[in-house]
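*Asks:* Dropping in final.txt, which is compact mmCIF, C-alpha atoms:
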# COMPACT_ATOMS: atom_id res chain seq x y z
CA MET P 111 5.32 17.95 36.07
CA MET P 112 1.94 17.37 34.45
CA PRO P 113 0.98 13.72 34.08
CA LEU P 114 1.10 12.56 30.49
CA VAL P 115 -2.24 10.87 30.69
CA SER P 116 -5.43 11.70 32.54
CA ASP P 117 -6.62 9.70 35.49
CA SER P 118 -9.08 7.74 33.40
CA ALA P 119 -9.64 4.01 33.75
CA ILE P 120 -7.18 1.74 31.94
CA GLY P 121 -9.84 -0.01 29.90
CA ASP P 122 -13.46 0.27 28.94
CA ALA P 123 -15.30 -3.02 29.36
CA ALA P 124 -18.14 -1.67 27.24
CA ALA P 125 -15.85 -1.78 24.18
CA LEU P 126 -15.22 -5.48 24.79
CA ALA P 127 -18.94 -6.02 25.32
CA ARG P 128 -19.56 -4.40 21.94
CA LEU P 129 -17.12 -6.77 20.26
CA HIS P 130 -18.75 -9.65 22.13
CA ARG P 131 -22.13 -8.62 20.81
CA TRP P 132 -20.87 -8.44 17.22
CA GLY P 133 -18.87 -11.67 17.15
CA GLY P 134 -19.04 -13.42 20.52
CA PRO P 135 -15.95 -14.62 22.40
CA PRO P 136 -14.07 -15.55 19.19
CA LEU P 137 -14.11 -11.96 17.90
CA VAL P 138 -13.01 -10.59 21.30
CA GLN P 139 -10.12 -13.07 21.41
CA GLN P 140 -9.09 -12.39 17.80
CA MET P 141 -9.12 -8.64 18.30
CA ALA P 142 -7.13 -8.94 21.54
CA ARG P 143 -4.52 -11.08 19.81
CA LEU P 144 -4.25 -8.63 16.92
CA PHE P 145 -3.96 -5.74 19.37
CA SER P 146 -1.13 -7.47 21.21
CA SER P 147 0.83 -8.01 18.03
CA VAL P 148 0.03 -4.85 16.08
CA VAL P 149 0.43 -2.12 18.71
CA PRO P 150 4.03 -2.96 19.75
CA GLU P 151 4.93 -3.11 16.06
CA ARG P 152 3.45 0.31 15.45
CA ILE P 153 5.21 1.81 18.48
CA ALA P 154 8.53 0.40 17.24
CA GLU P 155 7.84 1.69 13.72
CA ALA P 156 7.01 5.13 15.12
CA ARG P 157 10.29 5.20 17.06
CA LEU P 158 12.26 4.31 13.95
CA ALA P 159 10.43 6.93 11.92
CA LEU P 160 11.00 9.52 14.64
CA GLY P 161 14.73 8.76 14.47
CA ALA P 162 14.59 9.50 10.78
CA ALA P 163 12.53 12.67 11.37
CA ASP P 164 9.75 11.08 9.34
CA LEU P 165 6.77 12.61 11.12
CA VAL P 166 4.34 11.51 8.42
CA THR P 167 4.99 7.87 9.30
CA VAL P 168 4.89 8.71 13.01
CA GLU P 169 1.46 10.26 12.48
CA ARG P 170 0.23 7.22 10.59
CA CYS P 171 1.50 4.83 13.28
CA ALA P 172 -0.06 6.90 16.06
CA HIS P 173 -3.30 7.04 14.06
CA SER P 174 -3.27 3.26 13.73
CA ILE P 175 -2.64 2.80 17.46
CA HIS P 176 -5.38 5.30 18.26
CA SER P 177 -7.84 3.45 16.08
CA SER P 178 -6.87 0.08 17.57
CA THR P 179 -7.21 1.36 21.12
CA ALA P 180 -10.70 2.60 20.32
CA GLN P 181 -11.76 -0.86 19.21
CA LEU P 182 -10.49 -2.54 22.40
CA GLY P 183 -11.37 0.27 24.80
CA ALA P 184 -7.79 1.07 25.86
CA LEU P 185 -8.71 4.50 27.20
CA ARG P 186 -5.36 5.85 28.35
CA MET P 187 -3.53 4.54 25.32
CA ARG P 188 -6.16 6.13 23.16
CA GLU P 189 -5.53 9.51 24.76
CA LEU P 190 -1.75 9.19 24.39
CA SER P 191 -1.84 8.00 20.79
CA PHE P 192 -4.24 10.80 19.86
CA ARG P 193 -1.84 13.36 21.26
CA ALA P 194 1.10 11.77 19.45
CA GLU P 195 -0.86 11.79 16.19
CA ARG P 196 -1.77 15.44 16.56
CA LEU P 197 1.79 16.48 17.44
CA ALA P 198 3.20 14.55 14.49
CA ALA P 199 0.62 16.10 12.19
CA ALA P 200 1.63 19.54 13.46
CA GLY P 201 5.30 18.76 12.78
CA ASP P 202 6.21 18.85 16.45
CA GLY P 203 8.26 15.76 17.26
CA ASP P 204 9.89 16.95 20.49
CA SER P 205 7.38 15.48 22.94
CA ILE P 206 6.64 12.33 20.99
CA PRO P 207 9.42 10.14 22.51
CA MET P 208 7.87 10.72 25.96
CA LEU P 209 4.46 9.80 24.62
CA LEU P 210 5.81 6.62 23.04
CA ASP P 211 7.44 5.67 26.35
CA ALA P 212 4.14 6.29 28.10
CA LEU P 213 2.32 4.25 25.44
CA GLU P 214 4.60 1.30 26.11
CA ARG P 215 3.95 1.52 29.84
CA GLU P 216 0.22 1.81 29.30
CA PHE P 217 0.32 -1.08 26.86
CA ALA P 218 1.67 -3.31 29.62
CA SER P 219 -1.01 -2.09 32.03
CA PHE P 220 -3.74 -2.58 29.46
CA ALA P 221 -2.51 -6.08 28.54
CA SER P 222 -2.78 -7.01 32.21
CA TRP P 223 -6.27 -5.43 32.46
CA LEU P 224 -7.34 -7.22 29.29
CA GLU P 225 -6.10 -10.56 30.56
CA HIS P 226 -8.22 -10.19 33.69
CA THR P 227 -11.26 -8.78 31.95
CA ILE P 228 -11.52 -10.77 28.76
CA ASP P 229 -13.06 -13.84 30.37
CA HIS P 230 -15.61 -11.72 32.22
CA VAL P 231 -16.94 -9.55 29.43
CA PRO P 232 -20.23 -8.11 30.63
CA GLU P 233 -23.41 -9.31 29.00
CA ALA P 234 -23.77 -7.39 25.77
CA LYS P 235 -26.74 -5.12 25.20
CA ALA P 236 -28.16 -4.92 21.71
CA MET C 5 -34.06 -14.17 -2.97
CA ASN C 6 -30.82 -14.94 -4.77
CA GLU C 7 -29.18 -11.56 -5.37
CA SER C 8 -25.52 -11.38 -6.33
CA PRO C 9 -23.33 -10.17 -3.47
CA ILE C 10 -22.27 -6.56 -3.10
CA ASP C 11 -18.55 -6.51 -3.92
CA VAL C 12 -16.77 -4.18 -1.51
CA LEU C 13 -13.10 -3.27 -1.63
CA LEU C 14 -11.80 -2.41 1.83
CA VAL C 15 -8.67 -0.23 1.78
CA GLU C 16 -7.39 -0.25 5.34
CA ASP C 17 -3.88 -0.71 6.72
CA ASN C 18 -4.86 -1.24 10.35
CA PRO C 19 -5.33 -5.00 10.87
CA LEU C 20 -7.76 -4.49 13.77
CA ASP C 21 -10.03 -2.19 11.81
CA ALA C 22 -9.89 -4.48 8.79
CA HIS C 23 -10.62 -7.55 10.89
CA LEU C 24 -13.53 -5.85 12.59
CA VAL C 25 -15.11 -4.70 9.33
CA GLY C 26 -14.71 -8.25 8.02
CA ALA C 27 -16.32 -9.67 11.14
CA LEU C 28 -19.22 -7.22 10.89
CA VAL C 29 -20.07 -7.91 7.27
CA ASN C 30 -19.42 -11.63 7.51
CA ALA C 31 -21.34 -12.15 10.72
CA ASP C 32 -23.97 -13.96 8.69
CA GLU C 33 -24.56 -14.72 5.05
CA ALA C 34 -27.56 -12.43 5.00
CA SER C 35 -25.32 -9.35 4.83
CA GLY C 36 -24.94 -9.99 1.10
CA VAL C 37 -21.51 -8.35 1.13
CA ALA C 38 -18.37 -9.91 -0.35
CA LEU C 39 -15.30 -8.14 1.03
CA GLN C 40 -11.83 -7.89 -0.48
CA HIS C 41 -9.20 -6.29 1.73
CA VAL C 42 -6.03 -4.46 0.68
CA GLU C 43 -3.70 -2.36 2.80
CA ARG C 44 -2.37 0.17 0.32
CA LEU C 45 -3.99 2.57 -2.11
CA ALA C 46 -1.73 1.46 -4.97
CA THR C 47 -3.00 -2.11 -4.57
CA ALA C 48 -6.57 -0.82 -4.41
CA LEU C 49 -6.13 1.07 -7.69
CA GLU C 50 -4.78 -2.09 -9.31
CA CYS C 51 -7.80 -4.06 -8.07
CA LEU C 52 -10.18 -1.39 -9.37
CA GLY C 53 -8.50 -1.64 -12.76
CA GLU C 54 -8.85 -5.40 -12.85
CA ARG C 55 -12.45 -5.97 -11.84
CA LYS C 56 -15.65 -4.21 -10.95
CA PHE C 57 -16.46 -3.34 -7.35
CA ASP C 58 -19.76 -2.00 -6.08
CA LEU C 59 -18.18 0.16 -3.38
CA VAL C 60 -14.87 1.17 -1.83
CA LEU C 61 -14.52 1.45 1.94
CA LEU C 62 -11.57 3.78 2.26
CA ASP C 63 -9.39 4.62 5.24
CA LEU C 64 -8.07 8.18 5.08
CA LEU C 65 -4.60 7.56 6.46
CA LEU C 66 -2.87 4.91 4.38
CA PRO C 67 0.84 4.23 3.95
CA ASP C 68 0.76 5.64 0.41
CA ALA C 69 -2.05 8.19 0.54
CA ARG C 70 -3.74 10.36 3.09
CA GLY C 71 -6.83 12.43 3.51
CA VAL C 72 -8.77 13.77 0.58
CA GLU C 73 -5.96 12.83 -1.80
CA ALA C 74 -6.88 9.17 -1.34
CA VAL C 75 -10.49 9.92 -2.30
CA LYS C 76 -9.42 11.90 -5.36
CA ARG C 77 -7.17 9.10 -6.58
CA VAL C 78 -9.87 6.46 -6.20
CA LEU C 79 -12.38 8.69 -7.99
CA ALA C 80 -9.93 9.31 -10.81
CA ALA C 81 -9.32 5.58 -11.21
CA ALA C 82 -12.92 4.45 -10.80
CA PRO C 83 -15.41 7.32 -11.05
CA ALA C 84 -18.35 4.92 -11.26
CA VAL C 85 -17.62 3.30 -7.90
CA PRO C 86 -19.07 4.92 -4.75
CA ILE C 87 -16.78 5.52 -1.78
CA VAL C 88 -17.52 5.38 1.93
CA VAL C 89 -14.76 6.87 4.01
CA LEU C 90 -13.55 5.39 7.30
CA SER C 91 -12.41 8.14 9.63
CA GLY C 92 -10.40 7.54 12.76
CA HIS C 93 -11.63 10.52 14.71
CA ALA C 94 -14.77 12.09 15.96
CA ASP C 95 -13.32 15.20 14.30
CA THR C 96 -15.30 15.00 11.10
CA SER C 97 -13.76 17.90 9.17
CA ILE C 98 -11.56 15.69 6.97
CA ALA C 99 -14.35 13.18 6.48
CA LEU C 100 -16.72 15.97 5.44
CA GLN C 101 -14.09 17.29 3.07
CA ALA C 102 -13.90 13.79 1.57
CA VAL C 103 -17.66 13.82 1.08
CA ARG C 104 -17.43 17.21 -0.63
CA GLU C 105 -14.81 15.73 -2.96
CA GLY C 106 -17.17 12.95 -3.98
CA ALA C 107 -17.29 10.29 -1.25
CA GLN C 108 -20.84 9.20 -0.52
CA ASP C 109 -20.61 8.92 3.25
CA TYR C 110 -18.24 8.54 6.18
CA LEU C 111 -18.14 6.27 9.20
CA ILE C 112 -16.29 6.92 12.42
CA LYS C 113 -14.13 3.98 13.49
CA GLY C 114 -14.94 2.65 16.90
CA ARG C 115 -18.55 3.70 16.50
CA ILE C 116 -19.49 1.43 13.65
CA GLU C 117 -22.40 -0.87 14.37
CA ARG C 118 -23.06 -3.75 12.01
CA GLU C 119 -26.45 -2.38 10.94
CA VAL C 120 -24.96 1.09 10.42
CA LEU C 121 -22.16 -0.29 8.26
CA LEU C 122 -24.46 -2.41 6.09
CA ARG C 123 -26.94 0.42 5.71
CA ALA C 124 -24.16 2.88 4.81
CA ILE C 125 -22.92 0.49 2.12
CA ARG C 126 -26.36 -0.05 0.61
CA TYR C 127 -27.41 3.61 0.81
CA ALA C 128 -24.12 4.77 -0.70
CA ILE C 129 -24.54 2.46 -3.68
CA GLU C 130 -28.15 3.50 -4.21
CA ARG C 131 -27.41 7.21 -3.76
CA HIS C 132 -24.50 7.01 -6.18
CA ARG C 133 -26.68 5.25 -8.75
CA LEU C 134 -29.36 7.94 -8.46
CA MET C 135 -26.80 10.73 -8.68
CA SER C 136 -25.31 9.12 -11.78
CA GLU C 137 -28.76 8.96 -13.36
CA VAL C 138 -29.42 12.60 -12.54
CA ARG C 139 -26.04 13.56 -13.92
CA VAL C 140 -26.67 11.68 -17.16
CA LEU C 141 -30.06 13.38 -17.47
CA SER C 142 -28.54 16.81 -16.80
CA LEU C 143 -26.13 16.32 -19.71
CA ARG C 144 -28.71 15.02 -22.17
CA ASP C 145 -31.06 16.86 -24.50
CA GLU C 146 -34.50 15.64 -23.55
CA LEU C 147 -36.03 16.06 -27.01
CA THR C 148 -33.41 14.29 -29.11
CA GLY C 149 -31.55 12.10 -26.63
CA LEU C 150 -28.24 13.61 -27.81
CA HIS C 151 -25.90 15.42 -25.44
CA ASN C 152 -27.07 18.89 -24.52
CA ARG C 153 -24.84 21.97 -24.57
CA ARG C 154 -23.42 21.30 -21.10
CA GLY C 155 -22.79 17.64 -21.86
CA PHE C 156 -21.09 18.53 -25.13
CA PHE C 157 -18.84 21.16 -23.55
CA GLU C 158 -17.85 18.84 -20.73
CA LEU C 159 -16.86 15.98 -23.01
CA ALA C 160 -15.46 18.01 -25.88
CA GLU C 161 -13.24 20.15 -23.66
CA GLN C 162 -11.65 17.03 -22.19
CA HIS C 163 -10.86 15.73 -25.67
CA LEU C 164 -9.50 19.07 -26.84
CA LYS C 165 -7.20 19.38 -23.83
CA LEU C 166 -5.90 15.90 -24.52
CA ALA C 167 -5.50 16.67 -28.22
CA ALA C 168 -3.44 19.76 -27.40
CA ARG C 169 -0.95 17.43 -25.70
CA THR C 170 -1.07 14.42 -27.99
CA GLY C 171 -1.60 16.12 -31.34
CA ASP C 172 -4.69 13.99 -32.07
CA ARG C 173 -6.77 15.38 -34.95
CA HIS C 174 -10.47 15.94 -34.39
CA ALA C 175 -13.15 17.56 -36.54
CA LEU C 176 -15.83 19.86 -35.22
CA ILE C 177 -18.99 19.91 -37.31
CA PHE C 178 -21.64 22.58 -36.88
CA ILE C 179 -25.07 21.65 -38.27
CA ASP C 180 -28.07 23.91 -38.63
CA LEU C 181 -31.53 22.68 -39.56
CA ASP C 182 -32.62 25.13 -42.27
CA GLY C 183 -36.15 26.52 -42.25
CA MET C 184 -37.01 25.48 -38.73
CA LYS C 185 -39.28 28.50 -38.30
CA ARG C 186 -41.17 27.62 -41.46
CA ILE C 187 -41.68 24.01 -40.28
CA ASN C 188 -43.04 25.24 -36.97
CA ASP C 189 -45.28 27.84 -38.61
CA GLU C 190 -46.66 25.61 -41.35
CA PHE C 191 -46.84 22.22 -39.63
CA GLY C 192 -46.92 23.06 -35.92
CA HIS C 193 -44.39 22.75 -33.11
CA SER C 194 -44.87 19.03 -32.63
CA GLU C 195 -43.77 18.56 -36.24
CA GLY C 196 -40.85 20.89 -35.53
CA ASP C 197 -39.87 18.65 -32.64
CA ARG C 198 -40.19 15.61 -34.87
CA ALA C 199 -37.88 17.24 -37.43
CA LEU C 200 -35.28 17.90 -34.71
CA ARG C 201 -35.51 14.26 -33.59
CA GLU C 202 -35.08 13.16 -37.19
CA VAL C 203 -31.92 15.25 -37.54
CA ALA C 204 -30.59 13.70 -34.34
CA GLN C 205 -31.28 10.27 -35.81
CA LEU C 206 -29.41 11.20 -38.98
CA LEU C 207 -26.41 12.31 -36.92
CA ARG C 208 -26.42 9.07 -34.94
CA GLY C 209 -26.55 7.06 -38.13
CA SER C 210 -23.82 9.03 -39.88
CA PHE C 211 -21.22 9.39 -37.13
CA ARG C 212 -19.57 6.79 -34.94
CA TYR C 213 -20.89 5.86 -31.53
CA THR C 214 -17.71 7.26 -29.98
CA ASP C 215 -18.13 10.67 -31.63
CA ILE C 216 -19.82 13.35 -29.54
CA ALA C 217 -23.04 14.58 -31.09
CA ALA C 218 -25.13 17.20 -29.36
CA ARG C 219 -27.99 19.62 -29.78
CA LEU C 220 -26.69 22.99 -28.64
CA GLY C 221 -30.18 24.48 -28.59
CA GLY C 222 -32.95 25.45 -31.02
CA ASP C 223 -32.09 24.15 -34.48
CA GLU C 224 -28.32 24.00 -33.90
CA PHE C 225 -26.46 20.71 -33.66
CA VAL C 226 -22.79 19.98 -33.30
CA ALA C 227 -20.57 16.92 -33.45
CA LEU C 228 -16.98 16.36 -32.47
CA LEU C 229 -15.56 13.58 -34.60
CA LEU C 230 -12.66 12.05 -32.75
CA HIS C 231 -9.37 11.00 -34.32
CA VAL C 232 -10.22 11.88 -37.90
CA ASP C 233 -8.14 13.47 -40.63
CA ASP C 234 -9.61 15.81 -43.28
CA GLU C 235 -10.55 12.98 -45.59
CA ARG C 236 -12.37 10.94 -42.95
CA SER C 237 -14.32 13.97 -41.76
CA ARG C 238 -15.32 14.69 -45.39
CA THR C 239 -16.48 11.09 -45.69
CA ALA C 240 -18.55 11.44 -42.52
CA VAL C 241 -20.18 14.63 -43.81
CA ALA C 242 -20.85 13.00 -47.17
CA ARG C 243 -22.49 10.10 -45.32
CA LEU C 244 -24.71 12.59 -43.49
CA ARG C 245 -25.66 14.28 -46.79
CA THR C 246 -26.48 10.89 -48.32
CA SER C 247 -28.63 9.90 -45.32
CA LEU C 248 -30.41 13.24 -45.57
CA ALA C 249 -31.11 12.74 -49.27
CA LEU C 250 -32.48 9.24 -48.61
CA ALA C 251 -34.73 10.56 -45.83
CA ASN C 252 -36.02 13.30 -48.12
CA ALA C 253 -36.70 10.77 -50.86
CA ALA C 254 -39.01 8.75 -48.62
CA PRO C 255 -42.55 8.54 -50.07
CA GLY C 256 -45.25 10.73 -48.55
CA ARG C 257 -42.83 13.21 -47.08
CA ALA C 258 -44.55 16.55 -46.33
CA TYR C 259 -41.41 18.67 -46.66
CA PRO C 260 -37.69 18.08 -47.20
CA LEU C 261 -35.15 18.54 -44.45
CA SER C 262 -32.24 20.81 -45.25
CA LEU C 263 -29.01 21.05 -43.31
CA SER C 264 -26.24 23.64 -43.42
CA ILE C 265 -22.94 22.16 -42.33
CA GLY C 266 -19.65 23.75 -41.34
CA VAL C 267 -16.50 21.79 -40.58
CA VAL C 268 -13.28 22.83 -38.84
CA HIS C 269 -10.33 20.73 -37.75
CA CYS C 270 -8.41 20.89 -34.55
CA GLY C 271 -5.39 19.16 -33.12
CA SER C 272 -1.77 18.83 -34.22
CA GLY C 273 -0.78 20.27 -30.86
CA GLU C 274 -2.58 23.58 -31.36
CA ALA C 275 -4.32 24.91 -28.27
CA ALA C 276 -7.67 26.21 -29.54
CA THR C 277 -10.52 26.82 -27.13
CA LEU C 278 -13.81 25.11 -27.77
CA GLU C 279 -15.55 28.46 -28.02
CA ALA C 280 -13.12 29.61 -30.73
CA LEU C 281 -13.58 26.37 -32.66
CA LEU C 282 -17.37 26.67 -32.42
CA LEU C 283 -17.20 30.22 -33.78
CA ARG C 284 -15.11 29.02 -36.73
CA ALA C 285 -17.41 26.04 -37.35
CA ASP C 286 -20.47 28.31 -37.09
CA SER C 287 -18.92 30.67 -39.62
CA ALA C 288 -18.16 27.73 -41.95
CA MET C 289 -21.76 26.59 -41.56
CA TYR C 290 -23.01 30.04 -42.68
CA ASP C 291 -20.67 29.89 -45.68
CA ASP C 292 -22.29 26.59 -46.59
CA LYS C 293 -25.78 28.05 -46.07
CA ARG C 294 -25.03 31.02 -48.34
CA ALA C 295 -23.36 28.87 -50.99
CA ARG C 296 -26.30 26.46 -51.20
CA LYS C 297 -28.77 29.33 -51.23
CA ALA C 298 -26.88 30.89 -54.14
CA GLU C 299 -26.79 27.50 -55.85
CA ARG C 300 -30.57 27.13 -55.52
CA ALA C 301 -31.12 30.68 -56.78
CA GLY C 302 -28.85 29.93 -59.76
CA ALA C 303 -30.71 26.74 -60.53
CA ALA C 304 -34.08 28.51 -60.29
CA ALA C 305 -32.90 31.21 -62.68
Could you write out this structure as structure tokens?

*Replies:*
Amino acid sequence: MMPLVSDSAIGDAAALARLHRWGGPPLVQQMARLFSSVVPERIAEARLALGAADLVTVERCAHSIHSSTAQLGALRMRELSFRAERLAAAGDGDSIPMLLDALEREFASFASWLEHTIDHVPEAKA
Amino acid sequence: MNESPIDVLLVEDNPLDAHLVGALVNADEASGVALQHVERLATALECLGERKFDLVLLDLLLPDARGVEAVKRVLAAAPAVPIVVLSGHADTSIALQAVREGAQDYLIKGRIEREVLLRAIRYAIERHRLMSEVRVLSLRDELTGLHNRRGFFELAEQHLKLAARTGDRHALIFIDLDGMKRINDEFGHSEGDRALREVAQLLRGSFRYTDIAARLGGDEFVALLLHVDDERSRTAVARLRTSLALANAAPGRAYPLSLSIGVVHCGSGEAATLEALLLRADSAMYDDKRARKAERAGAAA
């Protein structure tokens, strides 16, 4: 069976460095907190919508997750959410439950990575 | 420098994206941007109806609108407000489509630098202002300052379409400056131009500001008088005739101006094309020209 996500790194420290450069540690912390609250909500909303065969809402939720992962540098989640968004947009909901499961697993991994990385954000380059 | 802030309406349902945009524009007071954030397009349209914004930053996948539809709805509600689209993907096809529909620019989320965002906002506002100026100029007759043919057709057709639904009565008035060739031949083209400007001034003074007066070309003028019945359109034409007589009575005048005027009415739910109405008004104008010519010949005899 093909892996759902490529063997990329969990997170991209450069994304955090970018946030650090724009708003210092407060912005990094605020964005991390928002990420931790918003993404699980969106995954849950996507599951509910999927149950109701509402692929438009699934697409919007996946789009929102994809956008959020880009801001925080959650590379694997970004890949998964992009695929879910595309499938939903194409009206193909069959593989989306697997992708949502994988997103939840990757969310836990990324949260752990973030916790370890956030206090050691590399020096930002202008 | 104490410039008023640039009022930006951010329409974005993703809290992270919204927070980041807020952080970028509010990083220091020097940005000069005041941001208001809403999550839904319906709320954005309400805001645009309530107060003036300088720019809309618009996400393309909202709970109540998606893609180019969101751009179209904002443009319909606030055509004078420039839009910069926020796109979630490096795939720019939808963002480009949004630009073709009227958005000024697009930004790719996750790649937005503070300087890029602020520059995009300022450039979009400036570009939109310039485009609006060019558009106004393209619809205006340079000589008289009235609408030109294109400007008249654009505005008049909108009103006629609406009238076909609502039954509103409008009057279309066709006006021809008589003897234009003779003025040009005897007094020169600059005097001919002056005569055309004088007619335009008479139209402005005789019709309401909300009526649509235009120079179609050459010595032909037209005006669409909005929401008038037969009597009010007759009053407006009589006012024009009186203004013309007063202008001709001015001391030291080298020649009198003469206008032939044709009037037709439209509305009451009838679906007449503008071209058809113009033909009828033109024909009525020639009737007037012939009648006054016959009158003058009778008086001379």

*Asks:* Please return as a list in words every residue within 9 Å of (-7.4, 2.3, 20.9), taking into account all atoms listed in the file and the file's own coordinates.

*Replies:*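 Residues lying no farther than 9 Å from the given point: Phe145, Ser174, Ile175, His176, Ser177, Ser178, Thr179, Ala180, Gln181, Leu182, Gly183, Ala184, Leu185, Arg186, Met187, Arg188, Glu189 and Ser191 of chain P; Gly114 of chain C.
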
*Asks:* Residues of chain P were defined as contacting chain C if any atom lay at most 12 Å from it, counting all atoms listed in the file; please report them as a compact mmCIF listing (two decimals) with C-alpha atoms, in the coordinates of the input.

*Replies:*
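File written: result36.txt
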# COMPACT_ATOMS: atom_id res chain seq x y z
CA ALA P 124 -18.14 -1.67 27.24
CA ALA P 125 -15.85 -1.78 24.18
CA LEU P 126 -15.22 -5.48 24.79
CA ARG P 128 -19.56 -4.40 21.94
CA LEU P 129 -17.12 -6.77 20.26
CA HIS P 130 -18.75 -9.65 22.13
CA ARG P 131 -22.13 -8.62 20.81
CA TRP P 132 -20.87 -8.44 17.22
CA GLY P 133 -18.87 -11.67 17.15
CA GLY P 134 -19.04 -13.42 20.52
CA PRO P 136 -14.07 -15.55 19.19
CA LEU P 137 -14.11 -11.96 17.90
CA VAL P 138 -13.01 -10.59 21.30
CA GLN P 139 -10.12 -13.07 21.41
CA GLN P 140 -9.09 -12.39 17.80
CA MET P 141 -9.12 -8.64 18.30
CA ALA P 142 -7.13 -8.94 21.54
CA ARG P 143 -4.52 -11.08 19.81
CA LEU P 144 -4.25 -8.63 16.92
CA PHE P 145 -3.96 -5.74 19.37
CA SER P 146 -1.13 -7.47 21.21
CA SER P 147 0.83 -8.01 18.03
CA VAL P 148 0.03 -4.85 16.08
CA VAL P 149 0.43 -2.12 18.71
CA GLU P 151 4.93 -3.11 16.06
CA ARG P 152 3.45 0.31 15.45
CA VAL P 166 4.34 11.51 8.42
CA THR P 167 4.99 7.87 9.30
CA VAL P 168 4.89 8.71 13.01
CA GLU P 169 1.46 10.26 12.48
CA ARG P 170 0.23 7.22 10.59
CA CYS P 171 1.50 4.83 13.28
CA ALA P 172 -0.06 6.90 16.06
CA HIS P 173 -3.30 7.04 14.06
CA SER P 174 -3.27 3.26 13.73
CA ILE P 175 -2.64 2.80 17.46
CA HIS P 176 -5.38 5.30 18.26
CA SER P 177 -7.84 3.45 16.08
CA SER P 178 -6.87 0.08 17.57
CA THR P 179 -7.21 1.36 21.12
CA ALA P 180 -10.70 2.60 20.32
CA GLN P 181 -11.76 -0.86 19.21
CA LEU P 182 -10.49 -2.54 22.40
CA GLY P 183 -11.37 0.27 24.80
CA ALA P 184 -7.79 1.07 25.86
CA ARG P 188 -6.16 6.13 23.16
CA GLU P 189 -5.53 9.51 24.76
CA SER P 191 -1.84 8.00 20.79
CA PHE P 192 -4.24 10.80 19.86
CA GLU P 195 -0.86 11.79 16.19
CA ARG P 196 -1.77 15.44 16.56
CA ALA P 199 0.62 16.10 12.19
CA ALA P 236 -28.16 -4.92 21.71

*Asks:* I want to know what sits within 9 Å of Asp172 of chain C, based on all atoms listed in the file, with residues of the same chain fewer than 2 positions away left out; could you give that as a list of chain:residue names?

*Replies:*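 The filter keeps C:Leu164, C:Leu166, C:Ala167, C:Ala168, C:Arg169, C:Thr170, C:His174, C:Leu230, C:His231, C:Val232, C:Cys270, C:Gly271, C:Ser272, C:Gly273.
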
*Asks:* Just to confirm, what's the straight-line distance from atom CA of Glu214 of chain P to atom CA of Ala194 of chain P in Å (one decimal)?

*Replies:*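 Between atom CA of Glu214 of chain P and atom CA of Ala194 of chain P the gap works out to 12.9 Å.
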
*Asks:* Take atom CA of Leu176 of chain C and atom CA of Val241 of chain C and report the distance between them in Å, one decimal.

*Replies:*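 Between these atoms lies a distance of 11.0 Å.
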
*Asks:* Separation of atom CA of Val37 of chain C and atom CA of Ile87 of chain C, in Å?

*Replies:*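 According to the coordinates, atom CA of Val37 of chain C and atom CA of Ile87 of chain C are separated by 14.9 Å.
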
*Asks:* Check the smallest atom-to-atom distance from each of C:Asp58, C:Arg153, C:Glu161, C:Gly192 to Ser8 of chain C using only C-alpha atoms, then report the winner.

*Replies:* C:Asp58

*Asks:* With all atoms listed in the file as the counted atoms, please give the residues lying no more than 9 Å from Arg219 of chain C, apart from itself and same-chain residues fewer than 4 positions off, as JSON, numbers by chain.

*Replies:* {"C": [144, 145, 148, 149, 150, 151, 152, 153, 156, 200, 204, 223, 224, 225, 226, 227]}

*Asks:* Enumerate, as a list of chain:residue names, the protein, DNA and RNA residues whose atoms approach (-18.7, 11.6, -1.1) to within 9 Å, taking into account all atoms listed in the file and the coordinate frame of the file.

*Replies:*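 Applying the cut-off with all atoms listed in the file, one gets C:Val75, C:Pro86, C:Ile87, C:Val88, C:Val89, C:Ala99, C:Leu100, C:Gln101, C:Ala102, C:Val103, C:Arg104, C:Glu105, C:Gly106, C:Ala107, C:Gln108, C:Asp109, C:Tyr110, C:Ala128, C:His132.
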